[in-house]
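Listing of run-v8.txt; format and content: compact mmCIF, N, CA and C atoms.
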```
# COMPACT_ATOMS: atom_id res chain seq x y z
N MET A 1 68.35 42.85 119.96
CA MET A 1 66.94 42.50 120.21
C MET A 1 66.07 43.75 120.17
N ALA A 2 66.49 44.83 120.81
CA ALA A 2 65.70 46.06 120.78
C ALA A 2 65.53 46.54 119.36
N ARG A 3 66.52 46.28 118.52
CA ARG A 3 66.44 46.68 117.12
C ARG A 3 65.28 45.96 116.42
N THR A 4 65.15 44.68 116.69
CA THR A 4 64.07 43.90 116.09
C THR A 4 62.71 44.47 116.50
N LEU A 5 62.55 44.73 117.80
CA LEU A 5 61.29 45.26 118.28
C LEU A 5 61.02 46.64 117.69
N GLY A 6 62.06 47.45 117.54
CA GLY A 6 61.89 48.78 116.97
C GLY A 6 61.39 48.72 115.55
N ALA A 7 61.98 47.87 114.74
CA ALA A 7 61.57 47.76 113.34
C ALA A 7 60.13 47.25 113.26
N GLY A 8 59.81 46.27 114.10
CA GLY A 8 58.45 45.74 114.10
C GLY A 8 57.44 46.78 114.55
N ARG A 9 57.80 47.53 115.56
CA ARG A 9 56.88 48.56 116.07
C ARG A 9 56.65 49.62 114.99
N GLN A 10 57.68 50.00 114.25
CA GLN A 10 57.50 50.98 113.17
C GLN A 10 56.55 50.43 112.12
N ALA A 11 56.73 49.19 111.74
CA ALA A 11 55.85 48.60 110.73
C ALA A 11 54.42 48.53 111.25
N GLN A 12 54.27 48.17 112.52
CA GLN A 12 52.93 48.09 113.10
C GLN A 12 52.30 49.47 113.20
N ASP A 13 53.07 50.46 113.66
CA ASP A 13 52.54 51.81 113.83
C ASP A 13 51.93 52.32 112.54
N ARG A 14 52.56 52.07 111.45
CA ARG A 14 52.07 52.58 110.17
C ARG A 14 50.72 51.96 109.82
N ARG A 15 50.50 50.73 110.23
CA ARG A 15 49.26 50.04 109.88
C ARG A 15 48.19 50.12 110.97
N ASP A 16 48.58 50.43 112.20
CA ASP A 16 47.60 50.51 113.29
C ASP A 16 46.57 51.59 113.03
N ARG A 17 46.95 52.63 112.33
CA ARG A 17 46.02 53.74 112.10
C ARG A 17 44.73 53.27 111.45
N GLY A 18 44.85 52.37 110.47
CA GLY A 18 43.66 51.90 109.78
C GLY A 18 43.11 50.62 110.36
N GLY A 19 43.90 49.91 111.15
CA GLY A 19 43.45 48.67 111.76
C GLY A 19 43.33 47.52 110.79
N ALA A 20 43.83 47.66 109.58
CA ALA A 20 43.68 46.61 108.58
C ALA A 20 44.81 45.59 108.68
N ALA A 21 44.50 44.37 108.28
CA ALA A 21 45.53 43.35 108.17
C ALA A 21 46.49 43.77 107.06
N TYR A 22 47.74 43.32 107.19
CA TYR A 22 48.75 43.73 106.21
C TYR A 22 49.77 42.62 106.04
N LEU A 23 50.19 42.40 104.81
CA LEU A 23 51.21 41.42 104.51
C LEU A 23 52.10 41.96 103.42
N THR A 24 53.41 41.85 103.62
CA THR A 24 54.36 42.13 102.55
C THR A 24 55.37 41.00 102.52
N ASN A 25 55.68 40.54 101.32
CA ASN A 25 56.73 39.55 101.12
C ASN A 25 57.94 40.20 100.46
N ASP A 26 58.00 41.53 100.54
CA ASP A 26 59.12 42.30 100.01
C ASP A 26 59.48 43.40 101.00
N MET A 27 59.68 43.02 102.26
CA MET A 27 59.91 43.98 103.32
C MET A 27 61.09 44.92 103.06
N PRO A 28 62.22 44.44 102.49
CA PRO A 28 63.34 45.36 102.28
C PRO A 28 63.04 46.49 101.29
N ASN A 29 62.00 46.34 100.47
CA ASN A 29 61.67 47.35 99.48
C ASN A 29 60.31 48.00 99.71
N ASP A 30 59.61 47.60 100.76
CA ASP A 30 58.27 48.11 101.02
C ASP A 30 58.36 49.49 101.67
N PRO A 31 57.78 50.52 101.05
CA PRO A 31 57.86 51.88 101.61
C PRO A 31 57.11 52.04 102.94
N GLU A 32 56.26 51.09 103.28
CA GLU A 32 55.54 51.16 104.56
C GLU A 32 56.40 50.71 105.74
N ILE A 33 57.54 50.11 105.47
CA ILE A 33 58.42 49.60 106.52
C ILE A 33 59.40 50.69 106.90
N GLY A 34 59.51 50.95 108.19
CA GLY A 34 60.33 52.06 108.67
C GLY A 34 61.83 51.82 108.57
N ASP A 35 62.31 50.60 108.78
CA ASP A 35 63.75 50.34 108.79
C ASP A 35 64.06 49.22 107.80
N ARG A 36 64.03 49.59 106.53
CA ARG A 36 64.27 48.59 105.48
C ARG A 36 65.71 48.08 105.51
N ASP A 37 66.65 48.93 105.92
CA ASP A 37 68.05 48.49 106.02
C ASP A 37 68.18 47.35 107.03
N TRP A 38 67.47 47.45 108.14
CA TRP A 38 67.48 46.37 109.13
C TRP A 38 66.96 45.09 108.51
N ALA A 39 65.87 45.17 107.76
CA ALA A 39 65.30 43.98 107.11
C ALA A 39 66.33 43.36 106.16
N ARG A 40 66.99 44.17 105.36
CA ARG A 40 68.02 43.65 104.45
C ARG A 40 69.16 42.99 105.21
N ARG A 41 69.65 43.68 106.22
CA ARG A 41 70.78 43.19 107.01
C ARG A 41 70.44 41.86 107.69
N GLU A 42 69.23 41.73 108.19
CA GLU A 42 68.81 40.52 108.90
C GLU A 42 68.24 39.44 107.97
N GLY A 43 68.09 39.77 106.70
CA GLY A 43 67.54 38.79 105.76
C GLY A 43 66.04 38.60 105.90
N ILE A 44 65.35 39.58 106.47
CA ILE A 44 63.90 39.50 106.65
C ILE A 44 63.23 39.93 105.35
N VAL A 45 62.40 39.06 104.82
CA VAL A 45 61.70 39.41 103.57
C VAL A 45 60.21 39.61 103.76
N ALA A 46 59.66 39.04 104.84
CA ALA A 46 58.20 39.09 104.99
C ALA A 46 57.81 39.68 106.34
N PHE A 47 56.70 40.39 106.31
CA PHE A 47 56.10 40.95 107.52
C PHE A 47 54.59 40.82 107.38
N ALA A 48 53.94 40.37 108.45
CA ALA A 48 52.48 40.29 108.46
C ALA A 48 52.00 40.86 109.78
N ARG A 49 50.87 41.55 109.73
CA ARG A 49 50.23 42.03 110.95
C ARG A 49 48.75 41.78 110.80
N TYR A 50 48.13 41.50 111.93
CA TYR A 50 46.68 41.27 111.94
C TYR A 50 46.12 41.89 113.20
N PRO A 51 45.10 42.76 113.07
CA PRO A 51 44.54 43.41 114.26
C PRO A 51 43.76 42.41 115.11
N LEU A 52 43.84 42.59 116.40
CA LEU A 52 43.06 41.79 117.35
C LEU A 52 41.86 42.61 117.76
N MET A 53 40.69 42.21 117.29
CA MET A 53 39.47 42.98 117.48
C MET A 53 38.49 42.24 118.38
N VAL A 54 37.85 43.01 119.25
CA VAL A 54 36.71 42.53 120.04
C VAL A 54 35.60 43.51 119.77
N GLU A 55 34.56 43.02 119.14
CA GLU A 55 33.49 43.86 118.63
C GLU A 55 34.12 44.89 117.69
N ASP A 56 34.01 46.17 117.98
CA ASP A 56 34.59 47.17 117.07
C ASP A 56 35.84 47.82 117.66
N ARG A 57 36.41 47.22 118.70
CA ARG A 57 37.59 47.79 119.35
C ARG A 57 38.82 46.95 119.06
N GLN A 58 39.93 47.62 118.73
CA GLN A 58 41.19 46.92 118.56
C GLN A 58 41.86 46.82 119.92
N VAL A 59 42.12 45.57 120.38
CA VAL A 59 42.73 45.35 121.68
C VAL A 59 44.21 44.98 121.56
N GLY A 60 44.69 44.82 120.35
CA GLY A 60 46.08 44.48 120.15
C GLY A 60 46.35 44.20 118.69
N VAL A 61 47.54 43.68 118.43
CA VAL A 61 47.92 43.33 117.07
C VAL A 61 48.90 42.16 117.13
N MET A 62 48.74 41.23 116.20
CA MET A 62 49.71 40.15 116.04
C MET A 62 50.64 40.56 114.91
N ALA A 63 51.92 40.28 115.07
CA ALA A 63 52.88 40.59 114.02
C ALA A 63 53.83 39.42 113.85
N MET A 64 54.28 39.25 112.61
CA MET A 64 55.17 38.14 112.30
C MET A 64 56.20 38.60 111.28
N PHE A 65 57.45 38.25 111.53
CA PHE A 65 58.54 38.51 110.58
C PHE A 65 59.06 37.16 110.11
N ALA A 66 59.56 37.09 108.86
CA ALA A 66 60.09 35.82 108.35
C ALA A 66 61.19 36.08 107.34
N ARG A 67 62.08 35.10 107.23
CA ARG A 67 63.16 35.18 106.25
C ARG A 67 62.75 34.53 104.93
N GLU A 68 61.54 34.01 104.87
CA GLU A 68 60.98 33.44 103.65
C GLU A 68 59.59 34.04 103.45
N PRO A 69 59.10 34.08 102.21
CA PRO A 69 57.74 34.60 101.98
C PRO A 69 56.72 33.86 102.84
N LEU A 70 55.66 34.57 103.17
CA LEU A 70 54.60 34.03 104.04
C LEU A 70 53.31 33.83 103.24
N PRO A 71 53.16 32.72 102.57
CA PRO A 71 51.91 32.49 101.84
C PRO A 71 50.77 32.16 102.80
N ARG A 72 49.60 32.62 102.50
CA ARG A 72 48.37 32.34 103.27
C ARG A 72 48.48 32.75 104.74
N THR A 73 49.40 33.62 105.07
CA THR A 73 49.62 34.01 106.46
C THR A 73 48.44 34.75 107.04
N LEU A 74 47.85 35.67 106.28
CA LEU A 74 46.72 36.43 106.82
C LEU A 74 45.56 35.51 107.14
N GLU A 75 45.33 34.51 106.32
CA GLU A 75 44.25 33.56 106.61
C GLU A 75 44.54 32.77 107.88
N MET A 76 45.81 32.39 108.07
CA MET A 76 46.18 31.65 109.28
C MET A 76 46.05 32.54 110.52
N LEU A 77 46.50 33.79 110.41
CA LEU A 77 46.37 34.71 111.54
C LEU A 77 44.90 34.97 111.85
N ALA A 78 44.10 35.13 110.81
CA ALA A 78 42.66 35.37 111.01
C ALA A 78 42.01 34.22 111.76
N SER A 79 42.48 33.00 111.51
CA SER A 79 41.85 31.83 112.13
C SER A 79 42.05 31.79 113.64
N VAL A 80 43.07 32.47 114.17
CA VAL A 80 43.31 32.46 115.62
C VAL A 80 43.10 33.84 116.25
N ALA A 81 42.90 34.86 115.44
CA ALA A 81 42.83 36.24 115.96
C ALA A 81 41.71 36.45 116.98
N ASP A 82 40.52 35.90 116.73
CA ASP A 82 39.41 36.11 117.66
C ASP A 82 39.70 35.52 119.03
N ASP A 83 40.25 34.31 119.05
CA ASP A 83 40.57 33.68 120.33
C ASP A 83 41.63 34.47 121.08
N ILE A 84 42.65 34.91 120.37
CA ILE A 84 43.71 35.69 121.01
C ILE A 84 43.16 37.02 121.51
N ALA A 85 42.34 37.69 120.69
CA ALA A 85 41.76 38.98 121.09
C ALA A 85 40.91 38.83 122.34
N GLN A 86 40.12 37.76 122.41
CA GLN A 86 39.30 37.54 123.60
C GLN A 86 40.18 37.28 124.82
N GLY A 87 41.29 36.56 124.62
CA GLY A 87 42.22 36.34 125.73
C GLY A 87 42.86 37.64 126.20
N VAL A 88 43.24 38.49 125.26
CA VAL A 88 43.83 39.79 125.60
C VAL A 88 42.81 40.62 126.37
N GLU A 89 41.59 40.66 125.87
CA GLU A 89 40.55 41.45 126.55
C GLU A 89 40.28 40.90 127.95
N ARG A 90 40.26 39.58 128.09
CA ARG A 90 40.02 38.98 129.40
C ARG A 90 41.14 39.37 130.37
N ARG A 91 42.39 39.31 129.90
CA ARG A 91 43.52 39.71 130.75
C ARG A 91 43.42 41.18 131.13
N GLN A 92 43.04 42.02 130.20
CA GLN A 92 42.89 43.45 130.50
C GLN A 92 41.78 43.66 131.52
N ALA A 93 40.67 42.93 131.37
CA ALA A 93 39.55 43.06 132.31
C ALA A 93 39.97 42.56 133.70
N GLU A 94 40.73 41.46 133.75
CA GLU A 94 41.20 40.95 135.05
C GLU A 94 42.11 41.96 135.73
N ALA A 95 42.99 42.59 134.97
CA ALA A 95 43.90 43.60 135.54
C ALA A 95 43.10 44.80 136.05
N ALA A 96 42.11 45.23 135.29
CA ALA A 96 41.27 46.37 135.71
C ALA A 96 40.49 46.00 136.97
N LEU A 97 40.01 44.78 137.04
CA LEU A 97 39.27 44.33 138.22
C LEU A 97 40.18 44.32 139.46
N ARG A 98 41.42 43.84 139.29
CA ARG A 98 42.36 43.86 140.42
C ARG A 98 42.63 45.28 140.88
N GLU A 99 42.80 46.21 139.95
CA GLU A 99 43.03 47.61 140.31
C GLU A 99 41.81 48.19 141.03
N ASP A 100 40.61 47.88 140.55
CA ASP A 100 39.39 48.35 141.21
C ASP A 100 39.27 47.77 142.61
N GLU A 101 39.62 46.51 142.77
CA GLU A 101 39.54 45.86 144.07
C GLU A 101 40.48 46.55 145.07
N VAL A 102 41.69 46.86 144.64
CA VAL A 102 42.65 47.55 145.51
C VAL A 102 42.10 48.92 145.90
N ARG A 103 41.57 49.64 144.92
CA ARG A 103 41.00 50.97 145.18
C ARG A 103 39.81 50.86 146.12
N TYR A 104 38.93 49.91 145.90
CA TYR A 104 37.75 49.70 146.74
C TYR A 104 38.17 49.41 148.18
N ARG A 105 39.12 48.49 148.33
CA ARG A 105 39.55 48.11 149.68
C ARG A 105 40.20 49.29 150.41
N SER A 106 40.98 50.10 149.71
CA SER A 106 41.63 51.23 150.37
C SER A 106 40.61 52.28 150.79
N VAL A 107 39.58 52.50 149.98
CA VAL A 107 38.53 53.46 150.34
C VAL A 107 37.75 52.96 151.55
N ILE A 108 37.34 51.70 151.52
CA ILE A 108 36.57 51.12 152.63
C ILE A 108 37.40 51.13 153.92
N ALA A 109 38.67 50.78 153.81
CA ALA A 109 39.53 50.74 155.00
C ALA A 109 39.71 52.12 155.61
N ALA A 110 39.68 53.15 154.80
CA ALA A 110 39.90 54.51 155.30
C ALA A 110 38.67 55.12 155.96
N LEU A 111 37.51 54.55 155.74
CA LEU A 111 36.28 55.11 156.32
C LEU A 111 36.20 54.86 157.82
N GLU A 112 35.73 55.85 158.53
CA GLU A 112 35.54 55.68 159.97
C GLU A 112 34.24 54.94 160.27
N GLU A 113 33.31 54.99 159.34
CA GLU A 113 32.04 54.30 159.54
C GLU A 113 32.25 52.80 159.41
N ALA A 114 31.46 52.05 160.14
CA ALA A 114 31.53 50.60 160.06
C ALA A 114 30.89 50.15 158.74
N ILE A 115 31.63 49.35 157.97
CA ILE A 115 31.15 48.83 156.69
C ILE A 115 31.25 47.31 156.75
N THR A 116 30.14 46.65 156.43
CA THR A 116 30.15 45.19 156.36
C THR A 116 29.58 44.76 155.02
N VAL A 117 30.07 43.64 154.52
CA VAL A 117 29.58 43.05 153.27
C VAL A 117 29.01 41.70 153.63
N HIS A 118 27.74 41.48 153.26
CA HIS A 118 27.04 40.25 153.59
C HIS A 118 26.76 39.45 152.33
N ASP A 119 26.71 38.12 152.46
CA ASP A 119 26.29 37.30 151.34
C ASP A 119 24.77 37.16 151.35
N ALA A 120 24.22 36.39 150.44
CA ALA A 120 22.77 36.25 150.30
C ALA A 120 22.12 35.68 151.56
N GLU A 121 22.85 34.89 152.33
CA GLU A 121 22.31 34.31 153.56
C GLU A 121 22.49 35.23 154.76
N GLY A 122 23.13 36.35 154.58
CA GLY A 122 23.31 37.30 155.66
C GLY A 122 24.62 37.16 156.42
N ALA A 123 25.43 36.20 156.05
CA ALA A 123 26.72 36.03 156.72
C ALA A 123 27.67 37.16 156.31
N ILE A 124 28.43 37.66 157.26
CA ILE A 124 29.39 38.73 156.96
C ILE A 124 30.58 38.12 156.22
N ARG A 125 30.87 38.66 155.06
CA ARG A 125 31.98 38.19 154.23
C ARG A 125 33.19 39.11 154.29
N ALA A 126 32.98 40.36 154.63
CA ALA A 126 34.08 41.31 154.73
C ALA A 126 33.63 42.49 155.58
N CYS A 127 34.59 43.14 156.21
CA CYS A 127 34.28 44.35 156.96
C CYS A 127 35.55 45.18 157.10
N ASN A 128 35.35 46.46 157.36
CA ASN A 128 36.52 47.31 157.62
C ASN A 128 36.83 47.27 159.12
N ALA A 129 37.93 47.92 159.51
CA ALA A 129 38.37 47.89 160.91
C ALA A 129 37.33 48.48 161.85
N SER A 130 36.57 49.48 161.38
CA SER A 130 35.57 50.11 162.24
C SER A 130 34.43 49.16 162.57
N ALA A 131 34.24 48.14 161.75
CA ALA A 131 33.14 47.19 161.98
C ALA A 131 33.59 45.95 162.74
N GLU A 132 34.87 45.80 162.92
CA GLU A 132 35.36 44.62 163.64
C GLU A 132 34.95 44.70 165.10
N PRO A 133 34.55 43.58 165.66
CA PRO A 133 34.16 43.59 167.08
C PRO A 133 35.36 43.90 167.97
N HIS A 134 35.11 44.75 168.95
CA HIS A 134 36.15 45.11 169.91
C HIS A 134 35.75 44.52 171.26
N PRO A 135 36.74 44.05 172.00
CA PRO A 135 36.39 43.51 173.32
C PRO A 135 35.80 44.61 174.21
N ARG A 136 34.82 44.23 175.00
CA ARG A 136 34.20 45.21 175.91
C ARG A 136 35.17 45.54 177.03
N ARG A 137 35.16 46.76 177.35
CA ARG A 137 36.01 47.19 178.46
C ARG A 137 35.12 47.39 179.68
N HIS A 138 35.52 46.76 180.71
CA HIS A 138 34.79 46.92 181.97
C HIS A 138 35.55 47.91 182.85
N GLY A 139 34.88 48.86 183.30
CA GLY A 139 35.57 49.85 184.09
C GLY A 139 34.99 49.99 185.37
```
Would you mind writing the structure in this file as structure tokens?
Amino acid sequence: MARTLGAGRQAQDRRDRGGAAYLTNDMPNDPEIGDRDWARREGIVAFARYPLMVEDRQVGVMAMFAREPLPRTLEMLASVADDIAQGVERRQAEAALREDEVRYRSVIAALEEAITVHDAEGAIRACNASAEPHPRRHG
């Protein structure tokens, strides 16, 4: 299995530089493929890659290997690439937001000053330990 991923990654690496879609139906003889012996041994004849773009940024790449030629593959990949790219970007944004939230909470928790977060109606939605009410001590 690692062998399959390695060959695919080599093929993708060569094309990622330009970000262009790529299709070969002669993978065992294509000089752009890093491990042609693997393709021959596994009977792989076709490789397609399509960049996943959001605006002008590449957020990923789709890749496909096949034991038969892949006609019209780039058109089919293009038809779903935008949706997949937006999903990838959304997942990346969600992960970044979770990391920011953890960082924010740790900074707020470490402050000695009382910090409270209020909603539009003025209700307290969050606070750090310094802002939590403490029982009065009568002495």
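Considering the residues A:Ala20, A:Gly34, A:Glu112, A:Glu101 and counting all atoms listed in the file, Arg49 (chain A) has its shortest atom-to-atom contact with A:Ala20.
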Mind checking DSSP for chain A and telling me the alpha helix (DSSP H) residues as number ranges by chain?
A: 2-16, 36-42, 73-110
Counting only C-alpha atoms, which residues come within 9 Å of (29.5, 46.5, 162.6), with the point read in the file's coordinates, and could you list them as a ChimeraX atom specification?
/A:113-116,127-128,130-133
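Residue-level DSSP output for region 42-130 of chain A, from the backbone, shows strand (DSSP E) at Ala46, Phe47, Ala48, Arg49, Tyr50, Pro51, Leu52, Met53, Val54, Arg57, Gln58, Val59, Gly60, Val61, Met62, Ala63, Met64, Phe65, Ala66, Thr116, Val117, His118, Ile124, Arg125, Ala126 and Cys127 of chain A.
Using only N, CA and C atoms, the shortest contact distance between Leu70 (chain A) and any of A:Ala46, A:Ala39, A:Ala109, A:Leu97 is found at A:Ala46.
Distance-wise, atom C of Pro31 (chain A) and CA of Ala81 (chain A) end up 25.0 Å apart.
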